[in-house]
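**Q** What follows is the file entry_19.txt, containing compact mmCIF, C-alpha atoms:
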# COMPACT_ATOMS: atom_id res chain seq x y z
CA MET A 1195 -34.27 0.14 -6.52
CA ILE A 1196 -34.44 3.80 -5.55
CA SER A 1197 -33.68 4.50 -1.90
CA ASN A 1198 -36.44 5.97 0.25
CA GLN A 1199 -34.29 9.03 0.92
CA ILE A 1200 -33.98 9.79 -2.81
CA LEU A 1201 -37.73 9.43 -3.23
CA GLN A 1202 -38.28 11.76 -0.27
CA ASN A 1203 -35.90 14.36 -1.68
CA THR A 1204 -37.55 14.10 -5.10
CA ILE A 1205 -41.12 14.66 -3.98
CA GLU A 1206 -40.09 17.44 -1.60
CA GLY A 1207 -38.38 19.21 -4.48
CA LEU A 1208 -41.40 18.72 -6.74
CA LYS A 1209 -43.72 19.95 -4.00
CA GLY A 1210 -41.64 23.12 -3.79
CA ILE A 1211 -42.16 23.68 -7.51
CA ALA A 1212 -45.79 22.58 -7.96
CA ARG A 1213 -47.21 23.48 -4.49
CA VAL A 1214 -48.91 20.08 -4.32
CA GLU A 1215 -48.56 17.51 -1.54
CA PHE A 1216 -47.36 14.00 -2.54
CA SER A 1217 -47.04 10.58 -1.01
CA VAL A 1218 -45.35 7.48 -2.44
CA MET A 1219 -46.68 4.12 -1.19
CA ASP A 1220 -45.90 0.51 -1.96
CA VAL A 1221 -48.51 -1.90 -3.31
CA ASP A 1222 -49.53 -2.81 0.26
CA GLY A 1223 -50.39 0.80 1.06
CA LYS A 1224 -47.31 1.36 3.22
CA GLU A 1225 -45.99 4.92 3.06
CA ILE A 1226 -42.41 5.12 1.71
CA ALA A 1227 -42.00 8.88 1.28
CA SER A 1228 -44.38 11.76 1.87
CA THR A 1229 -44.60 15.54 2.13
CA MET A 1230 -47.57 15.34 4.52
CA ASP A 1231 -49.52 12.78 6.57
CA MET A 1232 -51.67 10.76 4.18
CA GLY A 1233 -52.29 7.78 6.44
CA SER A 1234 -55.99 7.82 5.56
CA CYS A 1235 -55.03 7.01 1.95
CA SER A 1236 -53.44 3.67 2.80
CA LYS A 1237 -56.56 1.52 2.36
CA ALA A 1238 -57.58 3.36 -0.81
CA ALA A 1239 -54.06 2.84 -2.23
CA MET A 1240 -54.28 -0.94 -1.64
CA GLU A 1241 -57.65 -1.10 -3.40
CA PHE A 1242 -56.36 1.07 -6.25
CA ALA A 1243 -53.35 -1.22 -6.66
CA THR A 1244 -55.62 -4.17 -7.47
CA SER A 1245 -57.84 -2.19 -9.84
CA PRO A 1246 -57.28 -2.12 -13.63
CA ALA A 1247 -57.02 1.70 -13.70
CA ASP A 1248 -53.63 3.46 -14.05
CA SER A 1249 -54.94 6.66 -12.45
CA GLN A 1250 -58.00 7.47 -10.36
CA GLU A 1251 -59.52 10.18 -8.16
CA ILE A 1252 -60.56 8.87 -4.75
CA GLN A 1253 -61.98 10.97 -1.90
CA GLY A 1254 -60.27 14.18 -2.93
CA TYR A 1255 -56.90 12.68 -3.89
CA GLN A 1256 -55.35 11.69 -7.23
CA TYR A 1257 -53.84 8.19 -7.42
CA PHE A 1258 -51.29 7.05 -10.02
CA LYS A 1259 -49.54 3.73 -10.67
CA ILE A 1260 -45.78 3.60 -11.26
CA TYR A 1261 -44.37 0.52 -12.98
CA ASP A 1262 -40.94 -1.07 -13.19
CA GLU A 1263 -40.88 -3.10 -16.41
CA GLN A 1264 -44.63 -3.73 -16.30
CA GLN A 1265 -44.43 -4.69 -12.63
CA LEU A 1266 -46.37 -2.36 -10.31
CA GLU A 1267 -43.81 -0.80 -7.99
CA TYR A 1268 -45.34 2.30 -6.36
CA ILE A 1269 -48.59 4.18 -5.86
CA LEU A 1270 -48.29 7.96 -6.06
CA VAL A 1271 -50.91 10.00 -4.23
CA ALA A 1272 -51.29 13.70 -5.08
CA GLY A 1273 -53.23 15.90 -2.68
CA GLY A 1274 -56.16 17.75 -4.27
CA THR A 1275 -58.53 17.43 -7.20
CA GLY A 1276 -58.85 19.24 -10.47
CA GLU A 1277 -57.18 19.22 -13.85
CA ASP A 1278 -54.01 20.95 -12.66
CA VAL A 1279 -53.37 18.46 -9.85
CA TYR A 1280 -54.05 15.56 -12.24
CA VAL A 1281 -51.52 16.85 -14.80
CA ILE A 1282 -48.93 17.59 -12.10
CA GLY A 1283 -49.45 14.12 -10.61
CA LYS A 1284 -48.94 12.52 -14.05
CA MET A 1285 -45.71 14.46 -14.48
CA VAL A 1286 -44.43 13.44 -11.04
CA ALA A 1287 -45.31 9.78 -11.69
CA PHE A 1288 -43.43 10.02 -14.99
CA GLN A 1289 -40.43 11.53 -13.21
CA ILE A 1290 -40.31 8.71 -10.63
CA GLN A 1291 -40.74 6.17 -13.43
CA ASN A 1292 -37.66 7.63 -15.15
CA LEU A 1293 -35.75 7.54 -11.86
CA LEU A 1294 -36.50 3.82 -11.62
CA VAL A 1295 -35.09 3.22 -15.09
CA ALA A 1296 -32.02 5.37 -14.47
CA TYR A 1297 -31.17 3.75 -11.14
CA LYS A 1298 -31.72 0.27 -12.52
CA GLU A 1299 -29.36 1.02 -15.41
CA ARG A 1300 -26.81 2.38 -12.98
CA PHE A 1301 -27.16 -0.74 -10.85
CA ASP A 1302 -26.62 -2.95 -13.93
CA LYS A 1303 -23.51 -0.97 -14.88
CA ASP A 1304 -22.25 -1.01 -11.30
CA ASN A 1305 -22.71 -4.77 -11.10
CA PHE A 1306 -20.90 -5.20 -14.43
CA ILE A 1307 -17.96 -3.03 -13.33
CA LYS A 1308 -17.62 -4.93 -10.04
CA ASN A 1309 -17.47 -8.27 -11.84
CA LEU A 1310 -15.05 -6.79 -14.36
CA LEU A 1311 -12.72 -5.58 -11.59
CA LEU A 1312 -12.81 -8.96 -9.85
CA ASP A 1313 -12.16 -10.95 -13.07
CA ASN A 1314 -15.51 -12.73 -12.80
CA LEU A 1315 -16.44 -12.44 -16.50
CA LEU A 1316 -15.51 -14.40 -19.59
CA LEU A 1317 -14.02 -12.38 -22.44
CA VAL A 1318 -17.11 -12.87 -24.61
CA ASP A 1319 -19.36 -11.69 -21.75
CA ILE A 1320 -17.27 -8.55 -21.23
CA TYR A 1321 -17.85 -7.34 -24.78
CA SER A 1322 -21.47 -8.46 -25.10
CA ARG A 1323 -22.49 -6.81 -21.81
CA SER A 1324 -20.50 -3.68 -22.63
CA LYS A 1325 -22.45 -3.35 -25.86
CA LYS A 1326 -25.77 -3.91 -24.09
CA LEU A 1327 -24.94 -1.30 -21.42
CA HIS A 1328 -23.59 1.18 -24.01
CA ILE A 1329 -20.08 1.19 -22.50
CA GLN A 1330 -17.22 1.91 -24.87
CA THR A 1331 -14.64 -0.87 -24.95
CA ASP A 1332 -11.67 0.78 -26.66
CA VAL A 1333 -11.04 3.99 -24.71
CA SER A 1334 -8.19 4.72 -22.31
CA ARG A 1335 -8.95 4.23 -18.63
CA VAL A 1336 -7.16 4.00 -15.30
CA VAL A 1337 -8.30 2.50 -12.00
CA MET A 1338 -7.95 4.48 -8.78
CA ILE A 1339 -8.51 3.13 -5.28
CA VAL A 1340 -9.46 5.53 -2.49
CA GLU A 1341 -8.93 4.42 1.10
CA SER A 1342 -10.04 6.66 3.93
CA GLY A 1343 -11.03 7.01 7.53
CA SER A 1344 -14.58 7.98 8.49
CA GLY A 1345 -16.13 10.96 6.73
CA LYS A 1346 -18.68 13.48 7.91
CA ASP A 1347 -21.48 11.10 6.95
CA GLY A 1348 -19.43 7.99 6.27
CA ASN A 1349 -20.56 7.96 2.64
CA VAL A 1350 -17.28 8.33 0.75
CA LEU A 1351 -18.73 6.44 -2.22
CA GLU A 1352 -21.47 9.02 -2.76
CA LEU A 1353 -19.01 11.86 -2.21
CA ALA A 1354 -16.74 10.45 -4.91
CA ARG A 1355 -19.73 10.14 -7.26
CA THR A 1356 -20.61 13.75 -6.52
CA TYR A 1357 -17.06 14.87 -7.30
CA PHE A 1358 -16.85 13.12 -10.67
CA GLY A 1359 -20.47 13.91 -11.60
CA SER A 1360 -23.37 11.59 -12.34
CA ASN A 1361 -23.24 12.30 -16.08
CA SER A 1362 -19.56 11.51 -16.54
CA LYS A 1363 -18.20 8.40 -18.26
CA ASP A 1364 -16.33 7.40 -15.11
CA PHE A 1365 -17.52 4.50 -12.94
CA ILE A 1366 -17.39 4.82 -9.16
CA THR A 1367 -18.09 1.69 -7.14
CA ALA A 1368 -16.93 -0.41 -4.18
CA VAL A 1369 -16.13 -4.11 -3.89
CA ASP A 1370 -15.52 -4.10 -0.13
CA GLU A 1371 -16.25 -1.93 2.91
CA SER A 1372 -12.90 -0.15 3.10
CA ASN A 1373 -12.18 1.14 -0.42
CA VAL A 1374 -13.88 3.17 -3.13
CA ILE A 1375 -12.86 2.36 -6.71
CA VAL A 1376 -12.86 4.83 -9.59
CA VAL A 1377 -12.59 3.55 -13.16
CA LYS A 1378 -11.70 6.83 -14.83
CA GLU A 1379 -11.95 7.44 -18.56
CA LEU A 1380 -9.04 9.41 -20.02
CA ALA A 1381 -8.46 11.55 -23.06
CA GLU A 1382 -5.78 10.37 -25.49
CA SER A 1383 -3.54 13.24 -24.44
CA ASP A 1384 -3.82 12.53 -20.69
CA THR A 1385 -0.56 11.59 -18.97
CA ASN A 1386 0.34 10.52 -15.44
CA ARG A 1387 0.45 14.21 -14.55
CA GLU A 1388 -3.25 14.62 -15.40
CA ILE A 1389 -4.11 11.42 -13.51
CA GLU A 1390 -2.28 12.62 -10.40
CA LYS A 1391 -3.95 16.02 -10.73
CA SER A 1392 -7.35 14.28 -10.75
CA ALA A 1393 -6.37 12.19 -7.71
CA LYS A 1394 -5.24 15.31 -5.84
CA GLY A 1395 -8.49 17.07 -6.74
CA LEU A 1396 -10.52 14.16 -5.34
CA GLU A 1397 -8.39 14.11 -2.19
CA ALA A 1398 -8.89 17.85 -1.66
CA PHE A 1399 -12.65 17.51 -2.17
CA LEU A 1400 -12.92 14.66 0.36
CA GLN A 1401 -10.81 16.59 2.88
CA LYS A 1402 -13.16 19.54 2.47
CA GLU A 1403 -16.03 17.15 3.29
CA ASN A 1404 -14.23 16.17 6.52
CA VAL A 1405 -13.00 12.77 5.33
CA LYS A 1406 -9.85 11.75 7.21
CA GLU A 1407 -6.77 9.61 6.47
CA ILE A 1408 -7.13 9.61 2.70
CA ARG A 1409 -4.83 7.55 0.48
CA VAL A 1410 -5.23 7.29 -3.29
CA ALA A 1411 -3.44 4.71 -5.44
CA TYR A 1412 -3.74 4.11 -9.16
CA GLY A 1413 -2.58 1.56 -11.72
CA THR A 1414 -1.28 1.98 -15.25
CA VAL A 1415 -3.37 3.28 -18.15
CA ILE A 1416 -5.19 0.56 -20.11
CA HIS A 1417 -6.76 0.88 -23.56
CA GLU A 1418 -9.19 -2.07 -23.64
CA ILE A 1419 -12.02 -2.72 -21.22
CA LYS A 1420 -10.84 -6.31 -20.71
CA GLU A 1421 -7.67 -4.89 -19.04
CA VAL A 1422 -9.54 -2.97 -16.33
CA SER A 1423 -8.93 -5.77 -13.81
CA ARG A 1424 -5.16 -5.50 -14.41
CA SER A 1425 -5.14 -1.79 -13.62
CA TYR A 1426 -7.22 -2.54 -10.50
CA LYS A 1427 -4.73 -5.17 -9.29
CA GLU A 1428 -1.90 -2.72 -9.87
CA ALA A 1429 -3.73 -0.02 -7.90
CA LYS A 1430 -4.28 -2.49 -5.03
CA MET A 1431 -0.59 -3.32 -4.97
CA ALA A 1432 0.30 0.38 -5.10
CA LEU A 1433 -1.96 1.01 -2.10
CA ASP A 1434 -0.33 -1.78 -0.05
CA VAL A 1435 3.28 -1.14 -1.12
CA GLY A 1436 2.79 2.60 -0.65
CA LYS A 1437 1.94 2.03 3.03
CA ILE A 1438 5.25 0.22 3.51
CA PHE A 1439 7.79 2.19 1.50
CA PHE A 1440 6.02 5.52 0.81
CA ASP A 1441 4.09 6.03 4.02
CA GLU A 1442 4.63 9.81 3.89
CA ARG A 1443 2.72 10.07 0.60
CA ASP A 1444 -1.07 10.24 0.23
CA ILE A 1445 -1.07 9.55 -3.53
CA ILE A 1446 0.98 6.79 -5.14
CA ALA A 1447 1.13 5.33 -8.65
CA TYR A 1448 1.98 1.73 -9.49
CA SER A 1449 4.64 2.99 -11.90
CA GLU A 1450 6.45 4.68 -8.98
CA LEU A 1451 6.83 1.61 -6.77
CA GLY A 1452 10.20 0.56 -8.21
CA ILE A 1453 11.89 -2.30 -6.41
CA GLY A 1454 9.33 -2.07 -3.62
CA ARG A 1455 6.77 -4.04 -5.65
CA LEU A 1456 9.30 -6.88 -6.11
CA ILE A 1457 10.11 -7.04 -2.41
CA TYR A 1458 6.38 -7.02 -1.58
CA GLN A 1459 5.97 -10.30 -3.46
CA LEU A 1460 8.80 -12.11 -1.64
CA PRO A 1461 7.88 -14.82 0.89
CA ILE A 1462 8.83 -13.91 4.46
CA PRO A 1463 11.09 -17.00 4.98
CA LEU A 1464 13.16 -15.94 1.97
CA CYS A 1465 13.44 -12.40 3.38
CA LYS A 1466 14.66 -13.72 6.73
CA MET A 1467 17.23 -15.92 4.98
CA PHE A 1468 18.52 -12.94 2.99
CA ILE A 1469 18.97 -10.77 6.10
CA ARG A 1470 20.63 -13.63 7.98
CA GLU A 1471 23.12 -14.30 5.18
CA ILE A 1472 24.00 -10.65 4.56
CA PHE A 1473 24.20 -9.42 8.15
CA ASP A 1474 24.95 -12.63 10.03
CA GLY A 1475 21.68 -12.61 11.96
CA LYS A 1476 21.71 -8.90 12.73
CA SER A 1477 19.16 -6.41 11.42
CA PRO A 1478 20.34 -3.37 9.41
CA ASP A 1479 17.84 -1.12 11.21
CA GLU A 1480 19.36 -1.81 14.65
CA PHE A 1481 22.07 0.81 14.22
CA ASP A 1482 22.00 3.94 16.34
CA GLU A 1483 20.04 6.96 15.12
CA GLU A 1484 23.15 8.85 14.02
CA THR A 1485 24.31 5.99 11.81
CA LEU A 1486 20.88 5.46 10.27
CA THR A 1487 20.54 9.20 9.57
CA THR A 1488 23.94 9.13 7.85
CA ILE A 1489 22.96 6.09 5.75
CA TYR A 1490 19.63 7.52 4.59
CA LYS A 1491 21.16 10.93 3.79
CA PHE A 1492 23.99 9.21 1.86
CA PHE A 1493 21.42 7.35 -0.23
CA GLU A 1494 19.36 10.52 -0.76
CA ASN A 1495 22.43 12.19 -2.26
CA SER A 1496 23.26 9.31 -4.61
CA LEU A 1497 26.37 8.24 -2.63
CA ASN A 1498 27.91 11.72 -2.93
CA VAL A 1499 30.26 12.17 0.05
CA SER A 1500 30.72 15.94 -0.29
CA GLU A 1501 27.00 16.77 -0.61
CA THR A 1502 26.05 14.39 2.21
CA SER A 1503 28.59 15.86 4.63
CA ARG A 1504 27.41 19.38 3.70
CA GLN A 1505 23.74 18.54 4.41
CA LEU A 1506 24.64 16.79 7.68
CA PHE A 1507 26.79 19.78 8.74
CA ILE A 1508 29.79 17.53 9.42
CA HIS A 1509 33.33 17.44 8.06
CA ARG A 1510 33.97 15.18 5.09
CA ASN A 1511 36.47 13.14 7.13
CA THR A 1512 33.80 12.57 9.82
CA LEU A 1513 31.49 11.08 7.21
CA VAL A 1514 34.30 8.91 5.84
CA TYR A 1515 34.99 7.70 9.38
CA ARG A 1516 31.32 6.73 9.85
CA LEU A 1517 31.27 4.87 6.55
CA ASP A 1518 34.49 3.04 7.44
CA LYS A 1519 33.00 2.06 10.80
CA LEU A 1520 29.88 0.76 9.08
CA GLN A 1521 32.01 -1.25 6.67
CA LYS A 1522 33.85 -2.94 9.53
CA SER A 1523 30.61 -3.97 11.26
CA THR A 1524 28.71 -5.15 8.16
CA GLY A 1525 31.33 -5.89 5.53
CA LEU A 1526 29.56 -3.50 3.16
CA ASP A 1527 31.16 -0.32 1.83
CA LEU A 1528 28.34 2.07 0.92
CA ARG A 1529 30.71 4.02 -1.35
CA ILE A 1530 30.68 0.99 -3.66
CA PHE A 1531 27.51 0.88 -5.73
CA GLU A 1532 26.93 -2.88 -5.42
CA ASP A 1533 27.31 -2.82 -1.62
CA ALA A 1534 25.05 0.25 -1.40
CA ILE A 1535 22.33 -1.54 -3.42
CA THR A 1536 22.59 -4.59 -1.14
CA PHE A 1537 22.23 -2.44 1.97
CA LYS A 1538 19.36 -0.42 0.50
CA ILE A 1539 17.44 -3.58 -0.40
CA ALA A 1540 18.13 -5.01 3.07
CA LEU A 1541 16.62 -1.91 4.72
CA MET A 1542 13.53 -2.23 2.51
CA VAL A 1543 13.21 -5.96 3.23
CA VAL A 1544 13.32 -5.32 6.99
CA LYS A 1545 10.68 -2.61 6.64
CA TYR A 1546 8.50 -5.02 4.65
CA MET A 1547 8.87 -7.80 7.25
CA LYS A 1548 7.97 -5.45 10.11
CA TYR A 1549 4.88 -4.26 8.24
CA MET A 1550 3.75 -7.82 7.60
CA GLU A 1551 4.24 -8.63 11.29
CA THR A 1552 1.83 -5.82 12.24
CA LEU A 1553 -0.83 -7.37 9.99
CA GLU A 1554 -0.58 -10.67 11.83
CA TYR A 1555 -1.61 -9.13 15.16
Just give me the structure as structure tokens.
**A**
Amino acid sequence: MISNQILQNTIEGLKGIARVEFSVMDVDGKEIASTMDMGSCSKAAMEFATSPADSQEIQGYQYFKIYDEQQLEYILVAGGTGEDVYVIGKMVAFQIQNLLVAYKERFDKDNFIKNLLLDNLLLVDIYSRSKKLHIQTDVSRVVMIVESGSGKDGNVLELARTYFGSNSKDFITAVDESNVIVVKELAESDTNREIEKSAKGLEAFLQKENVKEIRVAYGTVIHEIKEVSRSYKEAKMALDVGKIFFDERDIIAYSELGIGRLIYQLPIPLCKMFIREIFDGKSPDEFDEETLTTIYKFFENSLNVSETSRQLFIHRNTLVYRLDKLQKSTGLDLRIFEDAITFKIALMVVKYMKYMETLEY
């Protein structure tokens, strides 16, 4: 069904071209969209709706019926008589008729994509409905999820559709109130660089439209339409894991999550047991700020003592002293790769547990 606002915009645009006043009414004579007050036409529209005629001139106005699959949907009233007004009215009725078909097709495709994302279709249904809706099944695609704060008009879905274009082969939909989903078709030569470029372009467009707090996550590239739901699940995980371990980034790919996606799937009791066994009940993030800064900088520089001390503006021996002190308190020597990995994972596990605690409140 076409929204009233779209009908209003359509007839206003056509009025500007044809210089004819229009009104669209339902079968009960209720005005849906109009370029002028045609309240006096309401009764005539109801009578016309029950008549066998498809068009008729009544009291100085031209009336036309608009059907949706042989079901009478609207009455179009064109102000004025004469051959020119009749022809213009027929053209406008034809235009609205085509809008009905186009929006219904888009609704059918949108409904199909939603069910595809949510794994609500049998394999045989996926391919039969794809064929019916003229959707290619064997092209490369990737699923993006866009999460945002409130926009200028709150309509991020329509903004995303505007950005990608109504005639593109991409599908833009939503399965809940918080996220917009883009099923983007790719060229064979497209790589993760092109996907990220597209995500950045969308982010920049939404920011220009005053949309706040934008995060974009995307899954891996799939080559069969039946795999769309997998890319969607990956994008969802990337969105969640990105908030925990990559909170400084607005755009995150599933392929970049690394060990974070494994930790995200661990049960909380197991995480608590791990921390308790490694640190004897203590938490690795309870160290003072200086120690934590040293640890993170040491990891950033791939356990390189010289480069870490240079970036921290401290003597090499000072760094060695800090690492020795940390070893005494935890039993882990960060200069040894295995101990460094254990400590790094522990920091990530603690971060994950704290994030999950915030979701419980």
**Q** I'd like the contact shell of segment 1407-1421 of chain A - 8 Å cut-off, only C-alpha atoms, skipping same-chain residues fewer than 6 positions apart - returned as a short mmCIF file (atom, residue, chain, number, x, y, z; two decimals) with C-alpha atoms, in the coordinates of the input.
**A**
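What follows is the written file part_2.cif:
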data_model
loop_
_atom_site.label_atom_id
_atom_site.label_comp_id
_atom_site.auth_asym_id
_atom_site.auth_seq_id
_atom_site.Cartn_x
_atom_site.Cartn_y
_atom_site.Cartn_z
CA LEU A 1310 -15.05 -6.79 -14.36
CA LEU A 1317 -14.02 -12.38 -22.44
CA ILE A 1320 -17.27 -8.55 -21.23
CA GLN A 1330 -17.22 1.91 -24.87
CA THR A 1331 -14.64 -0.87 -24.95
CA ASP A 1332 -11.67 0.78 -26.66
CA VAL A 1333 -11.04 3.99 -24.71
CA SER A 1334 -8.19 4.72 -22.31
CA ARG A 1335 -8.95 4.23 -18.63
CA VAL A 1336 -7.16 4.00 -15.30
CA VAL A 1337 -8.30 2.50 -12.00
CA MET A 1338 -7.95 4.48 -8.78
CA ILE A 1339 -8.51 3.13 -5.28
CA VAL A 1340 -9.46 5.53 -2.49
CA GLU A 1341 -8.93 4.42 1.10
CA SER A 1342 -10.04 6.66 3.93
CA GLY A 1343 -11.03 7.01 7.53
CA ALA A 1393 -6.37 12.19 -7.71
CA GLU A 1397 -8.39 14.11 -2.19
CA GLN A 1401 -10.81 16.59 2.88
CA LYS A 1427 -4.73 -5.17 -9.29
CA GLU A 1428 -1.90 -2.72 -9.87
CA ALA A 1429 -3.73 -0.02 -7.90
CA LYS A 1430 -4.28 -2.49 -5.03
CA ALA A 1432 0.30 0.38 -5.10
CA LEU A 1433 -1.96 1.01 -2.10
CA ARG A 1443 2.72 10.07 0.60
CA ASP A 1444 -1.07 10.24 0.23
CA ILE A 1445 -1.07 9.55 -3.53
CA ILE A 1446 0.98 6.79 -5.14
CA ALA A 1447 1.13 5.33 -8.65
CA TYR A 1448 1.98 1.73 -9.49
CA SER A 1449 4.64 2.99 -11.90
#
**Q** Atom CA of Leu1513 of chain A to atom CA of Asp1527 of chain A: how many Å, to one decimal?
**A**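 Rounded to one decimal, the two atoms are 12.6 Å apart.
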**Q** Of the candidates A:Ser1322, A:Phe1216, A:Glu1241, A:Gly1207, which shows the shortest atom-to-atom distance to Gly1273 of chain A, using only C-alpha atoms?
**A** A:Phe1216
**Q** Looking at A:Met1285, A:Ile1205, A:Ala1381, A:Ile1366, which one is nearest to Arg1300 of chain A, with distances taken over only C-alpha atoms?
**A** A:Ile1366
**Q** Dig up all the protein and nucleic acid residues within 12 Å of (-33.1, 1.6, -11.7) in the file frame, using only C-alpha atoms, and format them as number ranges by chain.
**A** A: 1195-1197, 1261-1263, 1267, 1290-1304
**Q** Measuring between only C-alpha atoms, which one of A:Glu1390, A:Asp1222, A:Asp1370, A:Glu1483 shows the shortest distance to Leu1311 of chain A?
**A**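 With only C-alpha atoms as the atom set, the closest residue is A:Asp1370.
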**Q** Hey, can you check how far atom CA of Leu1396 of chain A sits from atom CA of Phe1358 of chain A?
**A** 8.3 Å
**Q** Could you check the closest approach to Met1547 of chain A for each of A:Thr1488, A:Pro1461, A:Ile1375, A:Met1232 and tell me which residue wins, using only C-alpha atoms?
**A**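 Answer, going by the shortest atom-to-atom distance: A:Pro1461.
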**Q** What's around Leu1528 of chain A at 10 Å? Count all atoms listed in the file, leave out sequence neighbours fewer than 3 positions away in its own chain, and write the answer as a ChimeraX atom specification.
**A** /A:1489,1492-1493,1497,1517-1518,1520-1521,1525,1531-1538
**Q** Looking at A:Val1221, A:Leu1201, A:Ile1530, A:Val1435, which one is nearest to Gln1289 of chain A, with distances taken over all atoms listed in the file?
**A** A:Leu1201
**Q** Between atom CA of Thr1524 of chain A and atom CA of Glu1480 of chain A, what is the spacing in Å?
**A**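 Taking atom CA of Glu1480 of chain A and atom CA of Thr1524 of chain A, their separation equals 11.9 Å.
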**Q** Need the shell around Ala1287 of chain A: protein/DNA/RNA residues with any atom at most 7 Å away, counting all atoms listed in the file. Skip same-chain ones fewer than 6 positions apart. Format as JSON, numbers by chain?
**A** {"A": [1258, 1260, 1270]}
**Q** Taking (-15.1, 7.5, 7.0) in the coordinates of the supplied file, I want to know which residues reach to within 12 Å of it, counting only C-alpha atoms; could you give the answer as a count of residues only?
**A** 26
**Q** With a distance cut-off of 8 Å and all atoms listed in the file, select the neighbouring residues of Met1240 of chain A, excluding the residue or stretch itself and same-chain residues fewer than 2 positions from it, and output the selection as a list in words.
**A**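 Counting only the stated atoms, we get Val1221, Asp1222, Gly1223, Ser1236, Lys1237, Ala1238, Phe1242, Ala1243 and Thr1244 of chain A.
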**Q** How would the residues just chosen look if you wrote them out with C-alpha atoms as a PDB file, in the frame of the given file?
**A**
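Ended up saving to out12.pdb:
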ATOM      1  CA  VAL A1221     -48.510  -1.900  -3.310  1.00  0.00           C
ATOM      2  CA  ASP A1222     -49.530  -2.810   0.260  1.00  0.00           C
ATOM      3  CA  GLY A1223     -50.390   0.800   1.060  1.00  0.00           C
ATOM      4  CA  SER A1236     -53.440   3.670   2.800  1.00  0.00           C
ATOM      5  CA  LYS A1237     -56.560   1.520   2.360  1.00  0.00           C
ATOM      6  CA  ALA A1238     -57.580   3.360  -0.810  1.00  0.00           C
ATOM      7  CA  PHE A1242     -56.360   1.070  -6.250  1.00  0.00           C
ATOM      8  CA  ALA A1243     -53.350  -1.220  -6.660  1.00  0.00           C
ATOM      9  CA  THR A1244     -55.620  -4.170  -7.470  1.00  0.00           C
TER      10      THR A1244
END
**Q** Residues near Thr1502 of chain A, anyone? I mean within 10 Å using all atoms listed in the file, not counting same-chain ones fewer than 2 positions away, as a PyMOL selection string.
**A** chain A and resi 1488-1500+1504-1510+1513
**Q** Compare A:Tyr1321, A:Val1214, A:Ile1462, A:Val1514 by their minimum atom-to-atom distance to Asp1278 of chain A, counting only C-alpha atoms, and give me the closest one.
**A**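 Closest to Asp1278 of chain A of all the choices is A:Val1214.
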